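This report concerns only the one structure given below.
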Amino acid sequence: MTNASEGYKGTHDALPDPRNENVLIYVNGELVPRHSATVSVFDSGFLVGDGVWEGIRLQDGVLLFLDAHLKRLYESAAAIALDIGLTRDELVAELKRTLAANDMWDGVHVRLMITRGTKRTPSQDPRLTVGGPTIVIIAEHKTSNPGTLKSGVKLFTSTVRRPSPDVLDPKLNCHSKLHEVLALNQALLAGADEALMLDPHGAVATCNATNFFIVREGEVWTSTGQYCLNGITRGNVIKLCRAEGIPVFERDFSLTDVYGADESFVTGTFGGLTPVTSVDGRTIGRHLPGPLTARLGTLYASLKESWIRSCGEVHGTRTVGGG
C-alpha cells in the first residue's frame, strides 16, 4: 500500500499498517482475503466507470456522519438510475459485518463502492447488465500522517476544468474520475501535492480530491458548491462557522483572491482539515496552520467527539454504530 515511506504526500497520506495485508474484503456478500478480492472484467465500474461510492471513517466504534454519507450515496444512485438492491438498514448491516469480521474499532477508513453490475458484453448500455449491482466494501486500518498536517500541502492550478452539471454533475460521487486524475497528474508534474480546479467560468471550484477554502480578513470563503462534490466535511465546517459566528461565504472567487489570502485549507473525510502552504508557487499565510484554520480544526475534532458520544448512547459502548 502506498504510504509516506514511499515518497507519497497528500491529504490521503496514511501511516503504514501491516494489518491491512490480512483484511477481509466484502464482495457481493462474501468476505474474502485481500489478495483474493476481485470483480469481473465485465463489471460496469471497470468498463465505463458506472457506479457510486463513499469514503467513511470509523472512530471509537462509530461510523462518522453515516446518515449524511448514506443520503449522498442513495441520492447519487437515484440520479444515475442505479438500484442498490439493499435498504439503508441492510447496507449498514453489511458495513458492520465487514468491520466485525476484521475486528475493527478505531482508526479505520471504509471505502464503499457500488457499480451497476456485470455486463453480458463490453458496452455502456445498462440494459446489458446481468443480475444485480456489484457491492464492494474495503475497510482498512488508516491513520492520517501527522506530518502532513504539520507541513501542509502545496497546490497547483490545473488547466482541466470542473465539468458543468449538464456534462457530469460534480455533485455526483461517481466512479468517473478521469478528469480529476488528469488534474492531479498536472499538479504532480509541477511539483505540487494536489490540484486546484476551476469551474467552467474560471472561478475557483475545488481540489481534485478535497474541498478548498480560503480565509480573508477573518472571513471563510469556499466555492458556491455548484461545481464541486458537496463534501460531508465541507458541510460540517460551514455549519461550524455559522454556529460559532465566523463569517462564512459560499461564493465565486478568483485565483487573485486565493493568492492574497491570509490562510487556506482543504477538507476531506480522511484528512479532516489540512492546511495549504502554497498555490501555484505563492506562499499562503505566515503561520501553519493559520489561526482560524487551527480553530476550525479544533472545533471539527470536538464535533466528531460529540457525534461519537451521541451515537454511543444509542448503540452501546462496544457495538459498531453510526448516525
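Starting from 1 in every chain, residues are counted up; chains themselves are A, B, ... following the order of the C-alpha cells, and ligands are numbered from 1 as listed.
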Next item on the list: Just the residues within 12 Å of A:Trp53, please, counting only C-alpha atoms, with nothing from its chain fewer than 3 positions along; format it as a ChimeraX atom specification.
Entry: /A:45,49-50,56,69-77,82,84,110-116,134-138,172-177
Checklist line | Test item: residues at most 9 Å from stretch 234-250 of chain A, only C-alpha atoms, excluding those fewer than 3 positions along its chain, as a VMD selection string | finding: chain A and resid 210 to 213 218 to 225 230 to 231 266 to 269 273 296 to 297 299 to 300 303
Next item on the list: Tell me, as a list of chain:residue names, which residues lie within 12 Å of A:Val181, counting only C-alpha atoms; anything in the same chain fewer than 2 positions away does not count.
Entry: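 Near A:Val181, the qualifying residues are A:Ser158, A:Val160, A:Arg161, A:Arg162, A:His175, A:Ser176, A:Lys177, A:Leu178, A:His179, A:Ala183, A:Leu184, A:Asn185, A:Gln186, A:Ala187, A:Leu188, A:Glu194, A:Ala195, A:Leu196, A:Met197, A:Cys207, A:Asn208, A:Ala209.
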Checklist line | Among listed residues A:Gly260, A:Gly285, A:Gly55, A:Gly152, nearest A:Gly10 (using only C-alpha atoms) | finding: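 Checking each of A:Gly260, A:Gly285, A:Gly55, A:Gly152 against A:Gly10, counting only C-alpha atoms, the winner is A:Gly152.
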Next item on the list: Identify, with DSSP run on backbone atoms, the residues in stretch 44-227 of chain A assigned to alpha helix (DSSP H), and express the list as a PyMOL selection string.
Entry: chain A and resi 44-48+66-79+88-101+146-151+165-168+178-189
Check: Hey, what's within 10 Å of A:Gly271 if we count only C-alpha atoms and toss same-chain stuff fewer than 4 positions away? As a ChimeraX atom specification, please?
Finding: /A:10-14,143-146,148-149,210,233,266-267
Next item on the list: Apply DSSP to the backbone of this structure and, from stretch 42-161 of chain A, keep only the residues in strand (DSSP E); write these as a ChimeraX atom specification.
Entry: /A:51-59,62-63,108-115,118-119,129-130,134-141,153-157
List every residue of stretch 148-217 of chain A that has an atom at most 8 Å from any atom of stretch 253-258 of chain A, and for each one report the closest atom pair and its distance in Å to one decimal, counting only C-alpha atoms, with rows sorted by chain and then by increasing residue number, as a Markdown table.
```
| residue | atom | partner | partner_atom | distance |
| --- | --- | --- | --- | --- |
| A:Gly202 | CA | A:Ser254 | CA | 7.2 |
| A:Ala203 | CA | A:Ser254 | CA | 5.0 |
| A:Val204 | CA | A:Ser254 | CA | 5.6 |
| A:Ile214 | CA | A:Val258 | CA | 6.7 |
```
Deliver the residues from the most recent selection as a file, using C-alpha atoms, as a PDB file, in the first residue's frame.
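Ended up saving to part37.pdb:
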```pdb
ATOM      1  CA  GLY A 202     -12.805  30.477 -14.323  1.00  0.00           C
ATOM      2  CA  ALA A 203     -13.842  30.768 -10.673  1.00  0.00           C
ATOM      3  CA  VAL A 204     -12.158  28.562  -8.082  1.00  0.00           C
ATOM      4  CA  ILE A 214      -9.524  30.377   1.933  1.00  0.00           C
TER       5      ILE A 214
END
```
Next item on the list: Could you check how far atom CA of A:Lys9 sits from atom CA of A:Glu180, in Å to one decimal?
Entry: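 Distance reported for this atom pair: 16.9 Å.
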Check: Can you tell me, as a list in words, what residues are no more than 8 Å from A:Leu128 when counting only C-alpha atoms, ignoring any on the same chain fewer than 6 positions away?
Finding: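 Selected residues are Lys119, Arg120 and Thr121 of chain A.
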Preceding selection exported with all heavy atoms as a PDB file, in the first residue's frame:
```pdb
ATOM      1  N   LYS A 119     -21.785  -6.900 -17.041  1.00  0.00           N
ATOM      2  CA  LYS A 119     -22.404  -6.832 -18.370  1.00  0.00           C
ATOM      3  C   LYS A 119     -22.242  -8.170 -19.110  1.00  0.00           C
ATOM      4  O   LYS A 119     -21.276  -8.911 -18.879  1.00  0.00           O
ATOM      5  CB  LYS A 119     -21.746  -5.723 -19.205  1.00  0.00           C
ATOM      6  CG  LYS A 119     -21.907  -4.325 -18.633  1.00  0.00           C
ATOM      7  CD  LYS A 119     -23.312  -3.804 -18.873  1.00  0.00           C
ATOM      8  CE  LYS A 119     -23.509  -2.396 -18.353  1.00  0.00           C
ATOM      9  NZ  LYS A 119     -22.676  -1.388 -18.997  1.00  0.00           N
ATOM     10  N   ARG A 120     -23.164  -8.436 -20.022  1.00  0.00           N
ATOM     11  CA  ARG A 120     -23.030  -9.623 -20.880  1.00  0.00           C
ATOM     12  C   ARG A 120     -21.873  -9.450 -21.860  1.00  0.00           C
ATOM     13  O   ARG A 120     -21.238 -10.428 -22.267  1.00  0.00           O
ATOM     14  CB  ARG A 120     -24.324  -9.855 -21.654  1.00  0.00           C
ATOM     15  CG  ARG A 120     -25.495 -10.336 -20.834  1.00  0.00           C
ATOM     16  CD  ARG A 120     -26.546 -11.013 -21.713  1.00  0.00           C
ATOM     17  NE  ARG A 120     -27.058 -10.119 -22.741  1.00  0.00           N
ATOM     18  CZ  ARG A 120     -28.130  -9.351 -22.602  1.00  0.00           C
ATOM     19  NH1 ARG A 120     -28.788  -9.353 -21.452  1.00  0.00           N
ATOM     20  NH2 ARG A 120     -28.544  -8.575 -23.583  1.00  0.00           N
ATOM     21  N   THR A 121     -21.646  -8.201 -22.248  1.00  0.00           N
ATOM     22  CA  THR A 121     -20.602  -7.878 -23.221  1.00  0.00           C
ATOM     23  C   THR A 121     -20.156  -6.448 -22.957  1.00  0.00           C
ATOM     24  O   THR A 121     -20.929  -5.646 -22.416  1.00  0.00           O
ATOM     25  CB  THR A 121     -21.142  -8.031 -24.663  1.00  0.00           C
ATOM     26  OG1 THR A 121     -20.086  -7.828 -25.596  1.00  0.00           O
ATOM     27  CG2 THR A 121     -22.247  -7.031 -24.936  1.00  0.00           C
TER      28      THR A 121
END
```
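Here atom CA of A:Leu15 stands at a distance of 23.8 Å from atom CA of A:Leu189.
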Notebook entry, point to check: In Å to one decimal, how far is atom CA of A:Phe46 from atom CA of A:Val108?
Noted result: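 Spanning atom CA of A:Val108 to atom CA of A:Phe46 is a straight-line distance of 25.5 Å.
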Notebook entry, point to check: Of the candidates A:Gly107, A:Phe42, A:Ile80, A:Val27, which shows the shortest atom-to-atom distance to A:Val130, using only C-alpha atoms?
Noted result: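 Looking at the shortest contact to A:Val130, the residue is A:Phe42.
Residues lying within 12 Å of A:Pro33, counting only C-alpha atoms and ignoring same-chain neighbours fewer than 4 positions away, are Asn20, Glu21, Asn22, Val23, Leu24, Ile25, Tyr26, Val27, Ala37, Thr38, Thr98, Ala101, Asn102, Ile138 and Ala139 of chain A.
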Just all heavy atoms for this one: save the residues we selected as a CSV table (one decimal), in the first residue's frame.
```csv
chain,number,residue,atom,x,y,z
A,20,ASN,N,-3.2,-4.4,7.3
A,20,ASN,CA,-4.0,-4.3,6.1
A,20,ASN,C,-3.7,-5.4,5.1
A,20,ASN,O,-4.5,-5.7,4.2
A,20,ASN,CB,-3.8,-3.0,5.5
A,20,ASN,CG,-4.5,-1.8,6.2
A,20,ASN,OD1,-5.5,-2.0,6.8
A,20,ASN,ND2,-3.8,-0.7,6.2
A,21,GLU,N,-2.6,-6.1,5.3
A,21,GLU,CA,-2.3,-7.2,4.4
A,21,GLU,C,-3.3,-8.4,4.6
A,21,GLU,O,-3.5,-9.2,3.7
A,21,GLU,CB,-0.9,-7.7,4.6
A,21,GLU,CG,0.2,-6.7,4.2
A,21,GLU,CD,0.1,-6.5,2.7
A,21,GLU,OE1,0.0,-7.4,1.9
A,21,GLU,OE2,0.1,-5.3,2.3
A,22,ASN,N,-3.9,-8.4,5.8
A,22,ASN,CA,-4.7,-9.6,6.1
A,22,ASN,C,-6.2,-9.2,6.3
A,22,ASN,O,-7.0,-10.0,6.8
A,22,ASN,CB,-4.2,-10.2,7.4
A,22,ASN,CG,-2.8,-10.8,7.3
A,22,ASN,OD1,-2.5,-11.4,6.3
A,22,ASN,ND2,-2.0,-10.4,8.2
A,23,VAL,N,-6.6,-8.1,5.8
A,23,VAL,CA,-8.0,-7.7,6.0
A,23,VAL,C,-8.9,-8.5,5.0
A,23,VAL,O,-8.5,-8.9,3.9
A,23,VAL,CB,-8.3,-6.2,5.7
A,23,VAL,CG1,-7.6,-5.3,6.8
A,23,VAL,CG2,-7.9,-5.8,4.3
A,24,LEU,N,-10.1,-8.7,5.4
A,24,LEU,CA,-11.1,-9.3,4.6
A,24,LEU,C,-11.9,-8.3,3.8
A,24,LEU,O,-12.4,-7.3,4.4
A,24,LEU,CB,-12.1,-10.2,5.4
A,24,LEU,CG,-11.4,-11.4,6.2
A,24,LEU,CD1,-12.4,-12.0,7.1
A,24,LEU,CD2,-10.8,-12.4,5.2
A,25,ILE,N,-12.1,-8.5,2.5
A,25,ILE,CA,-12.8,-7.6,1.7
A,25,ILE,C,-14.2,-8.1,1.4
A,25,ILE,O,-14.4,-9.3,1.1
A,25,ILE,CB,-12.1,-7.3,0.4
A,25,ILE,CG1,-10.6,-6.9,0.6
A,25,ILE,CG2,-12.8,-6.3,-0.5
A,25,ILE,CD1,-10.4,-5.7,1.4
A,26,TYR,N,-15.2,-7.2,1.5
A,26,TYR,CA,-16.6,-7.6,1.2
A,26,TYR,C,-16.8,-7.5,-0.3
A,26,TYR,O,-16.7,-6.4,-0.9
A,26,TYR,CB,-17.6,-6.7,2.0
A,26,TYR,CG,-19.0,-7.0,1.7
A,26,TYR,CD1,-19.8,-7.7,2.6
A,26,TYR,CD2,-19.7,-6.4,0.6
A,26,TYR,CE1,-21.2,-7.9,2.4
A,26,TYR,CE2,-21.0,-6.6,0.4
A,26,TYR,CZ,-21.8,-7.3,1.3
A,26,TYR,OH,-23.1,-7.5,1.0
A,27,VAL,N,-17.2,-8.6,-1.0
A,27,VAL,CA,-17.5,-8.6,-2.4
A,27,VAL,C,-18.9,-9.3,-2.6
A,27,VAL,O,-18.9,-10.5,-2.5
A,27,VAL,CB,-16.4,-9.2,-3.2
A,27,VAL,CG1,-16.8,-9.1,-4.7
A,27,VAL,CG2,-15.1,-8.6,-3.0
A,37,ALA,N,-9.5,-10.8,-3.5
A,37,ALA,CA,-10.7,-10.0,-3.8
A,37,ALA,C,-10.7,-9.4,-5.2
A,37,ALA,O,-9.8,-8.7,-5.6
A,37,ALA,CB,-10.8,-8.8,-2.8
A,38,THR,N,-11.7,-9.8,-6.0
A,38,THR,CA,-11.7,-9.4,-7.4
A,38,THR,C,-13.2,-9.2,-7.8
A,38,THR,O,-14.1,-9.6,-7.2
A,38,THR,CB,-11.1,-10.5,-8.3
A,38,THR,OG1,-11.9,-11.7,-8.2
A,38,THR,CG2,-9.7,-10.8,-8.0
A,98,THR,N,-18.7,-6.4,7.9
A,98,THR,CA,-17.3,-6.3,7.4
A,98,THR,C,-16.4,-5.9,8.5
A,98,THR,O,-15.3,-6.4,8.7
A,98,THR,CB,-17.2,-5.4,6.2
A,98,THR,OG1,-18.1,-5.8,5.2
A,98,THR,CG2,-15.8,-5.3,5.7
A,101,ALA,N,-15.9,-8.6,11.2
A,101,ALA,CA,-15.1,-9.7,10.7
A,101,ALA,C,-13.6,-9.4,10.7
A,101,ALA,O,-12.7,-10.2,10.9
A,101,ALA,CB,-15.5,-10.1,9.3
A,102,ASN,N,-13.3,-8.1,10.6
A,102,ASN,CA,-11.9,-7.6,10.7
A,102,ASN,C,-11.5,-7.1,12.1
A,102,ASN,O,-10.4,-6.6,12.2
A,102,ASN,CB,-11.7,-6.5,9.6
A,102,ASN,CG,-11.6,-7.0,8.2
A,102,ASN,OD1,-10.7,-7.8,7.9
A,102,ASN,ND2,-12.6,-6.7,7.4
A,138,ILE,N,-14.3,-2.1,1.2
A,138,ILE,CA,-12.9,-2.2,1.6
A,138,ILE,C,-12.6,-1.4,2.9
A,138,ILE,O,-12.7,-0.2,2.9
A,138,ILE,CB,-11.9,-1.7,0.5
A,138,ILE,CG1,-12.1,-2.5,-0.8
A,138,ILE,CG2,-10.5,-1.9,1.0
A,138,ILE,CD1,-11.3,-2.0,-1.9
A,139,ALA,N,-12.4,-2.1,4.0
A,139,ALA,CA,-12.1,-1.4,5.3
A,139,ALA,C,-10.7,-1.6,5.6
A,139,ALA,O,-10.2,-2.8,5.6
A,139,ALA,CB,-13.0,-2.0,6.4
```
Residues at most 6 Å from A:Phe265, counting only C-alpha atoms, excluding those fewer than 4 positions away in the same chain, as a tab-separated table (two decimals) with N, CA, C and O atoms, in the first residue's frame?
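result-v3.tsv was written with the following content:
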```tsv
chain	number	residue	atom	x	y	z
A	213	PHE	N	-10.85	25.88	0.73
A	213	PHE	CA	-11.28	27.05	1.48
A	213	PHE	C	-10.14	28.06	1.54
A	213	PHE	O	-8.96	27.68	1.56
A	274	THR	N	-6.79	20.14	6.37
A	274	THR	CA	-5.36	20.13	6.09
A	274	THR	C	-4.95	21.52	5.59
A	274	THR	O	-5.53	22.01	4.62
A	275	PRO	N	-3.96	22.15	6.23
A	275	PRO	CA	-3.56	23.49	5.78
A	275	PRO	C	-2.86	23.45	4.43
A	275	PRO	O	-2.20	22.47	4.08
A	276	VAL	N	-3.04	24.53	3.67
A	276	VAL	CA	-2.38	24.70	2.37
A	276	VAL	C	-1.25	25.70	2.54
A	276	VAL	O	-1.46	26.80	3.06
```
